[in-house]
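Read through the structure below, which is laid out as structure tokens, and then see the notes.
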Amino acid sequence: MDSSVINSAIQYIKTLFQNNSDGHDVQHTLRVYHNALLIAEIEPDCNLFIVSLAALLHDVDDHKLFRTENNANARTFLSSQHIEPEHIDYICDIINSVSFSKNHGKSLASIDAKIVQDADRLDAIGAIGIARTFAYGGKCGRTLEDSVQHFHDKLLLLKSEMITKRAKEIAELRHDFMEQFLREWDKETAQG
Ligand code: NI
């Protein structure tokens with residue numbers, strides 16, 4: 001695996017996300033990358049180089065943050081690293097299949113895409129998921145109660161959507177922690 005390309009990707013996202021602090025920041029991307037490496041350890045059929053680049057670039061064209069079309073940021077970066085065009089297309093396919101809500105519920109074709117999707121979803125649950133939900137809710141002007149509702153509407157459903165073995169194991173622990181948090185929340189906010 002060409003680690004100089006991976007290092008360049010890390011530098012690229014650090015520059016691109018330097019002004020974001022709502023949970024879609026560089027730390028989110030680095031956690032997703034780390035999750036992807038953990039999941040990939042027990043997935044012998046994956047392409048680790050592809051998985052790494054797709055994880056690192058999965059939010060660089062996020063429509064909530066950037067007004068790019070056709071994965072322009074990812075394509076520009078990958079071209080600058082002399083990645084072959086068919087690999088660029090494949091990496092962008094993975095990114096598009098995991099990062100947009102319109103793909104919700106569609107089954108993913110490759111193990112590489114499954115790993116990156118699970119890695120991203122893991123970062124939405126557990127202690128980090130709790131912190132991100134309130135940070136994002138605050139930015140959007142939501143009340144704490146609205147953010148808590150988001151756990152019931154979405155985050156508590158993610159455990160059952162994990163595809164890979166290791167992500168399922170990690171999600172189990174993170175899910176339990178969120179339930180513990182919600183029990184405590186209910187206790188502390190109960191009237192009388
Ligand atoms: Ni993400």
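The chains in the structure tokens are called A, B, ... from first to last as shown; in each chain the residues are counted from 1, and the ligands are counted from 1 in the order shown.
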Query - Protein and nucleic acid residues within 8 Å of ligand 1 (only C-alpha atoms and all ligand atoms) as a PyMOL selection string - result: chain A and resi 24+28-29+32+58-59+99+120-121+123
Query - Contacts of segment 66-75 of chain A at 12 Å (only C-alpha atoms; same-chain gap of 4+ positions) as a PyMOL selection string - result: chain A and resi 9+12-13+16-17+20+24+53-62+79-96+99
**Report entry** helix (DSSP H, G or I) call set, DSSP backbone run, segment 4-191 of chain A, as JSON, numbers by chain
**Finding:** {"A": [4, 5, 6, 7, 8, 9, 10, 11, 12, 13, 14, 15, 16, 26, 27, 28, 29, 30, 31, 32, 33, 34, 35, 36, 37, 38, 39, 40, 48, 49, 50, 51, 52, 53, 54, 55, 56, 72, 73, 74, 75, 76, 77, 78, 79, 80, 85, 86, 87, 88, 89, 90, 91, 92, 93, 94, 95, 96, 97, 98, 99, 101, 102, 103, 111, 112, 113, 114, 115, 116, 117, 118, 119, 120, 121, 122, 126, 127, 128, 129, 130, 131, 132, 133, 134, 135, 136, 137, 138, 139, 144, 145, 146, 147, 148, 149, 150, 151, 152, 153, 155, 156, 157, 158, 159, 160, 161, 165, 166, 167, 168, 169, 170, 171, 172, 173, 174, 175, 176, 177, 178, 179, 180, 181, 182, 183, 184, 185, 186, 187, 188, 189]}
Report summary line: Counting only C-alpha atoms, the residue among A:Gln117, A:Lys165, A:Glu145, A:Leu158 that lies closest to Leu182 of chain A is A:Glu145
